[in-house]
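Colleague: Can you read through this structure? Questions will come right after.
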Amino acid sequence: MNDLVGRIVADLDRDGYSVLESMLNGDEAAAVRAGLRDVLDRTPTGRNDFEGFSTRRIYALFAKTRAFDAMAVHPVLLGVLDRVLGPSYQLSAPTGIEIGPGEKAQFLHTDDGIYPLPRPHPEVVLNTMWAFDDFTEANGATRLVPGSHRWTDRVPVDPDDTITITMPAGSVLFIAGTLWHGGGANTTDRSRLGVLLEYAAGWLRQQENHVVAVPPDVVAGLEPRLQELLGYGIHPPFVGYVDGRHPRRTLGDRAPNGLEMRTECERCHASLPAADEGALICSYECTFCIACGEAMDGRCPNCGGNLRPRPTRT
């Protein structure tokens, strides 16, 4: 997996994008597409040129389906995010996008353009487009300008600068937040479905407020890593706390998982199974092994709080 992650990161650094085919097999992609049909049928078409007047967009995605829970925490995806955005990031604008027949091409844009950051700047957004139909030039496959993530004061002016990313269903297109891109026109008589799982640095405001969009009773049943990504996490040292404690505490008795129970030391990455003793946590649930805790004099390097023994869970 490390080689694959390294290849994707190298592509992103060089070109601003990378394509990984067969992230899902054909049956898995077809099952997701079928499972979203009811949701799509209840979803109105877009309100402006950006959304697309013949395009349906599923917002509050994690409130409406469990189809993407595993994809949002896929090991390859998280490995790339760790390398591109660093250890702290969150879901920003996950959106299902079904481009309908007759839709015109979307104008080119960058996904981090909503933030007032002068270019150049480190990557703060990473987007992934998951294909649940074959993406073709005719049905609205993503258009992009290779290398434009390195531009500082240019904007695309010539459509010939773009290339179209065709890929089979089950593929994933990784897009740097600084890359100029846009959806293509659909000149066919069939819709084309893709889903964006977009991530932003942990210190940035998410585009969609998932803490409001996804009911707490739903979040409580999700795995801890996904809860973090939806906004129930801490950006070190303590950005995002609630009443001085980790935001997952607000889920209270609704959360069957109790404590987050990270499975490795944040300093040396030693394995720390939830059922084993030998782990220390701070009030924000940063987790360390005993040896690292002693080396840090029993204080969390992120928040400065005292470390205490972590309860075990069977």
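A note on labels: chains of the structure tokens are A, B, ... as shown, every chain counts residues from 1, and ligands are counted from 1 in their shown order.
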Any chance you could list, as an MDAnalysis selection string, the residues in segment 15-174 of chain A that come up strand (DSSP E or B) when DSSP is run on the backbone?

Modeller: chainID A and resid 17:20 45 55:58 89:91 95:99 109 125:131 135 139 143:144 163:164 167 172:174

Colleague: Could you pull the residues within 12 Å of Gly278 of chain A, counting only C-alpha atoms, minus those fewer than 5 positions along the same chain, as a ChimeraX atom specification?

Modeller: /A:263-265,270-273,287-294,308-312

Colleague: Please determine, counting only C-alpha atoms, which residue among A:Trp180, A:Asn209, A:Glu28, A:Val76 has the shortest atom-to-atom distance to Asp3 of chain A.

Modeller: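 Smallest distance to Asp3 of chain A is found for A:Val76.
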
Colleague: Output as a tab-separated table one row per residue of segment 14-81 of chain A within 6 Å of segment 153-170 of chain A: the closest atom pair and its distance in Å to one decimal place, counting only C-alpha atoms, sorted by chain and residue number ascending.

Modeller:
residue	atom	partner	partner_atom	distance
A:Ser22	CA	A:Gly170	CA	5.2
A:Met23	CA	A:Gly170	CA	5.6
A:Leu24	CA	A:Gly170	CA	4.4
A:Asn25	CA	A:Gly170	CA	5.7
A:Ala29	CA	A:Gly170	CA	5.4

Colleague: Could you list, with a cut-off of 6 Å and counting only C-alpha atoms, the residues of segment 82-181 of chain A near segment 194-199 of chain A, each shown with its nearest atom pair and the distance in Å rounded to one decimal, rows sorted by chain and ascending number, as a tab-separated table?

Modeller:
residue	atom	partner	partner_atom	distance
A:Gln90	CA	A:Tyr199	CA	5.3
A:Leu91	CA	A:Tyr199	CA	4.4
A:Ser92	CA	A:Tyr199	CA	5.0
A:Ala93	CA	A:Glu198	CA	5.3
A:Pro94	CA	A:Leu197	CA	4.4
A:Thr95	CA	A:Leu196	CA	5.1
A:Gly96	CA	A:Val195	CA	4.2
A:Ile97	CA	A:Gly194	CA	5.3
A:Val125	CA	A:Tyr199	CA	5.7
A:Leu126	CA	A:Tyr199	CA	5.3
A:Asn127	CA	A:Glu198	CA	4.2
A:Thr128	CA	A:Leu197	CA	5.3
A:Met129	CA	A:Leu196	CA	4.6
A:Trp130	CA	A:Val195	CA	5.1
A:Ala131	CA	A:Gly194	CA	4.6
A:Phe132	CA	A:Gly194	CA	5.5

Colleague: Those residues you just picked out, can you put them in a file as a compact mmCIF listing (two decimals), in the first residue's frame with N, CA and C atoms?

Modeller:
# COMPACT_ATOMS: atom_id res chain seq x y z
N GLN A 90 -10.38 16.92 7.85
CA GLN A 90 -11.78 16.61 8.07
C GLN A 90 -12.52 16.59 6.74
N LEU A 91 -13.66 15.93 6.71
CA LEU A 91 -14.51 15.99 5.53
C LEU A 91 -15.06 17.41 5.40
N SER A 92 -15.01 17.94 4.19
CA SER A 92 -15.46 19.31 3.99
C SER A 92 -16.77 19.36 3.21
N ALA A 93 -16.78 18.86 1.97
CA ALA A 93 -17.97 18.97 1.14
C ALA A 93 -18.24 17.66 0.40
N PRO A 94 -18.55 16.58 1.12
CA PRO A 94 -18.91 15.34 0.43
C PRO A 94 -20.25 15.51 -0.28
N THR A 95 -20.28 15.19 -1.57
CA THR A 95 -21.46 15.49 -2.38
C THR A 95 -21.64 14.45 -3.47
N GLY A 96 -22.85 13.91 -3.58
CA GLY A 96 -23.19 13.08 -4.73
C GLY A 96 -23.56 13.97 -5.90
N ILE A 97 -23.04 13.68 -7.10
CA ILE A 97 -23.27 14.53 -8.26
C ILE A 97 -23.70 13.67 -9.44
N VAL A 125 -6.65 21.57 0.87
CA VAL A 125 -7.83 20.81 0.43
C VAL A 125 -7.37 19.69 -0.48
N LEU A 126 -7.97 18.52 -0.32
CA LEU A 126 -7.77 17.41 -1.25
C LEU A 126 -9.15 16.83 -1.56
N ASN A 127 -9.46 16.74 -2.85
CA ASN A 127 -10.75 16.22 -3.28
C ASN A 127 -10.57 14.87 -3.96
N THR A 128 -11.57 14.03 -3.84
CA THR A 128 -11.58 12.76 -4.56
C THR A 128 -12.92 12.60 -5.23
N MET A 129 -12.90 12.26 -6.51
CA MET A 129 -14.13 11.98 -7.26
C MET A 129 -14.21 10.48 -7.50
N TRP A 130 -15.24 9.86 -6.93
CA TRP A 130 -15.47 8.42 -7.06
C TRP A 130 -16.47 8.20 -8.18
N ALA A 131 -16.09 7.39 -9.17
CA ALA A 131 -16.93 7.16 -10.35
C ALA A 131 -17.84 5.95 -10.13
N PHE A 132 -19.16 6.16 -10.30
CA PHE A 132 -20.11 5.06 -10.19
C PHE A 132 -20.79 4.75 -11.52

Colleague: Within 8 Å of segment 181-186 of chain A, counting only C-alpha atoms, which residues show up once you throw out same-chain ones fewer than 2 positions away? Write them as a list of chain:residue names, please.

Modeller: A:Ile99, A:Gly100, A:Pro101, A:Gly102, A:Glu103, A:Lys104, A:Ala105, A:Gln106, A:Phe107, A:Leu108, A:His109, A:Thr110, A:Glu137, A:Ala138, A:Asn139, A:Gly140, A:Ala141, A:Thr142, A:Arg143, A:Leu144, A:Val145, A:Thr162, A:Thr164, A:Leu179, A:Thr188, A:Ser191, A:Arg192

Colleague: Taking 5 positions as the minimum chain separation for residues in the same chain, which residues sit within 10 Å of Val5 of chain A when counting only C-alpha atoms? Answer as an NGL selection string.

Modeller: :A and (10-11 or 75-83)

Colleague: Store the residues of this selection in a file with C-alpha atoms, as a PDB file, in the first residue's frame.

Modeller:
ATOM      1  CA  ALA A  10       3.981  11.927  -6.549  1.00  0.00           C
ATOM      2  CA  ASP A  11       1.308  12.393  -9.245  1.00  0.00           C
ATOM      3  CA  PRO A  75      -6.645   3.083   4.049  1.00  0.00           C
ATOM      4  CA  VAL A  76      -5.242   4.267   0.711  1.00  0.00           C
ATOM      5  CA  LEU A  77      -7.230   7.487   0.874  1.00  0.00           C
ATOM      6  CA  LEU A  78      -6.203   8.190   4.468  1.00  0.00           C
ATOM      7  CA  GLY A  79      -2.592   7.406   3.587  1.00  0.00           C
ATOM      8  CA  VAL A  80      -2.662  10.019   0.823  1.00  0.00           C
ATOM      9  CA  LEU A  81      -4.378  12.557   3.081  1.00  0.00           C
ATOM     10  CA  ASP A  82      -1.732  12.055   5.769  1.00  0.00           C
ATOM     11  CA  ARG A  83       0.952  12.882   3.224  1.00  0.00           C
TER      12      ARG A  83
END

Colleague: I need the residue nearest Arg56 of chain A from this list: A:Asp69, A:Asp111, A:Asp41, A:Asp243. Use only C-alpha atoms for the distance.

Modeller: A:Asp41

Colleague: Report as an NGL selection string all protein, DNA and RNA residues lying within 10 Å of Val239 of chain A, evaluated on only C-alpha atoms, omitting residues in the same chain fewer than 6 positions from it.

Modeller: :A and (202-203 or 233 or 246 or 303)

Colleague: Report, in Å to a single decimal, how far apart atom CA of Glu277 of chain A and atom CA of Leu251 of chain A are.

Modeller: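 Between atom CA of Leu251 of chain A and atom CA of Glu277 of chain A the gap is 24.7 Å.
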
Colleague: Kindly give the distance, in Å, that separates atom CA of Ser283 of chain A and atom CA of Val212 of chain A, rounded to a single decimal.

Modeller: 24.0 Å

Colleague: Do a neighbour search on Tyr232 of chain A at 10 Å with only C-alpha atoms, toss out local chain neighbours closer than 5 positions, and write the hits as a count of residues only.

Modeller: 17

Colleague: So which residues of segment 100-265 of chain A fall under alpha helix (DSSP H) by DSSP, listed as a list of chain:residue names?

Modeller: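 Residues of segment 100-265 of chain A classed as alpha helix (DSSP H): A:His210, A:Val211, A:Val212, A:Ala213, A:Pro216, A:Asp217, A:Val218, A:Val219, A:Ala220, A:Pro224, A:Arg225, A:Leu226, A:Gln227, A:Glu228, A:Leu229.
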
Colleague: Keeping only N, CA and C atoms, write the selected residues as a PDB file, in the first residue's frame.

Modeller:
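Saved result, part.pdb, follows:
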ATOM      1  N   HIS A 210     -21.239  19.522   9.132  1.00  0.00           N
ATOM      2  CA  HIS A 210     -21.737  18.170   9.350  1.00  0.00           C
ATOM      3  C   HIS A 210     -22.269  17.956  10.760  1.00  0.00           C
ATOM      4  N   VAL A 211     -21.780  18.737  11.720  1.00  0.00           N
ATOM      5  CA  VAL A 211     -22.281  18.606  13.086  1.00  0.00           C
ATOM      6  C   VAL A 211     -23.768  18.936  13.131  1.00  0.00           C
ATOM      7  N   VAL A 212     -24.204  19.837  12.256  1.00  0.00           N
ATOM      8  CA  VAL A 212     -25.620  20.175  12.143  1.00  0.00           C
ATOM      9  C   VAL A 212     -26.320  19.274  11.127  1.00  0.00           C
ATOM     10  N   ALA A 213     -25.643  18.965  10.018  1.00  0.00           N
ATOM     11  CA  ALA A 213     -26.276  18.235   8.924  1.00  0.00           C
ATOM     12  C   ALA A 213     -26.550  16.777   9.264  1.00  0.00           C
ATOM     13  N   PRO A 216     -26.986  13.758  15.590  1.00  0.00           N
ATOM     14  CA  PRO A 216     -26.096  13.107  16.552  1.00  0.00           C
ATOM     15  C   PRO A 216     -26.383  11.623  16.751  1.00  0.00           C
ATOM     16  N   ASP A 217     -27.644  11.222  16.683  1.00  0.00           N
ATOM     17  CA  ASP A 217     -27.971   9.803  16.841  1.00  0.00           C
ATOM     18  C   ASP A 217     -27.364   8.972  15.721  1.00  0.00           C
ATOM     19  N   VAL A 218     -27.241   9.564  14.533  1.00  0.00           N
ATOM     20  CA  VAL A 218     -26.594   8.867  13.411  1.00  0.00           C
ATOM     21  C   VAL A 218     -25.092   8.820  13.641  1.00  0.00           C
ATOM     22  N   VAL A 219     -24.502   9.951  13.998  1.00  0.00           N
ATOM     23  CA  VAL A 219     -23.053  10.016  14.223  1.00  0.00           C
ATOM     24  C   VAL A 219     -22.633   9.038  15.314  1.00  0.00           C
ATOM     25  N   ALA A 220     -23.461   8.894  16.346  1.00  0.00           N
ATOM     26  CA  ALA A 220     -23.116   8.038  17.480  1.00  0.00           C
ATOM     27  C   ALA A 220     -22.874   6.599  17.065  1.00  0.00           C
ATOM     28  N   PRO A 224     -15.304   5.588  15.153  1.00  0.00           N
ATOM     29  CA  PRO A 224     -14.685   6.806  15.685  1.00  0.00           C
ATOM     30  C   PRO A 224     -13.927   7.640  14.650  1.00  0.00           C
ATOM     31  N   ARG A 225     -13.232   6.999  13.723  1.00  0.00           N
ATOM     32  CA  ARG A 225     -12.467   7.787  12.739  1.00  0.00           C
ATOM     33  C   ARG A 225     -13.403   8.609  11.872  1.00  0.00           C
ATOM     34  N   LEU A 226     -14.530   8.045  11.488  1.00  0.00           N
ATOM     35  CA  LEU A 226     -15.481   8.793  10.680  1.00  0.00           C
ATOM     36  C   LEU A 226     -16.141   9.893  11.502  1.00  0.00           C
ATOM     37  N   GLN A 227     -16.403   9.641  12.766  1.00  0.00           N
ATOM     38  CA  GLN A 227     -16.921  10.697  13.640  1.00  0.00           C
ATOM     39  C   GLN A 227     -15.970  11.891  13.664  1.00  0.00           C
ATOM     40  N   GLU A 228     -14.689  11.600  13.791  1.00  0.00           N
ATOM     41  CA  GLU A 228     -13.680  12.666  13.752  1.00  0.00           C
ATOM     42  C   GLU A 228     -13.773  13.470  12.463  1.00  0.00           C
ATOM     43  N   LEU A 229     -13.841  12.753  11.348  1.00  0.00           N
ATOM     44  CA  LEU A 229     -13.832  13.415  10.052  1.00  0.00           C
ATOM     45  C   LEU A 229     -15.073  14.265   9.828  1.00  0.00           C
TER      46      LEU A 229
END

Colleague: For the atom pair atom CA of Gly26 of chain A and atom CA of Ala70 of chain A, what is the interatomic distance in Å to one decimal place?

Modeller: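 So the answer is 16.5 Å.
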
Colleague: With only C-alpha atoms as the atoms that count, which of A:Leu193, A:Ile58, A:Leu204, A:Met296 lies nearest to Val39 of chain A?

Modeller: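 Result for the nearest residue to Val39 of chain A: A:Ile58.
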
Colleague: Need the shell around Pro118 of chain A: protein/DNA/RNA residues with any atom at most 12 Å away, counting only C-alpha atoms. Skip same-chain ones fewer than 4 positions apart. Format as JSON, numbers by chain?

Modeller: {"A": [112, 113, 114, 122, 123, 151, 152, 153, 178]}
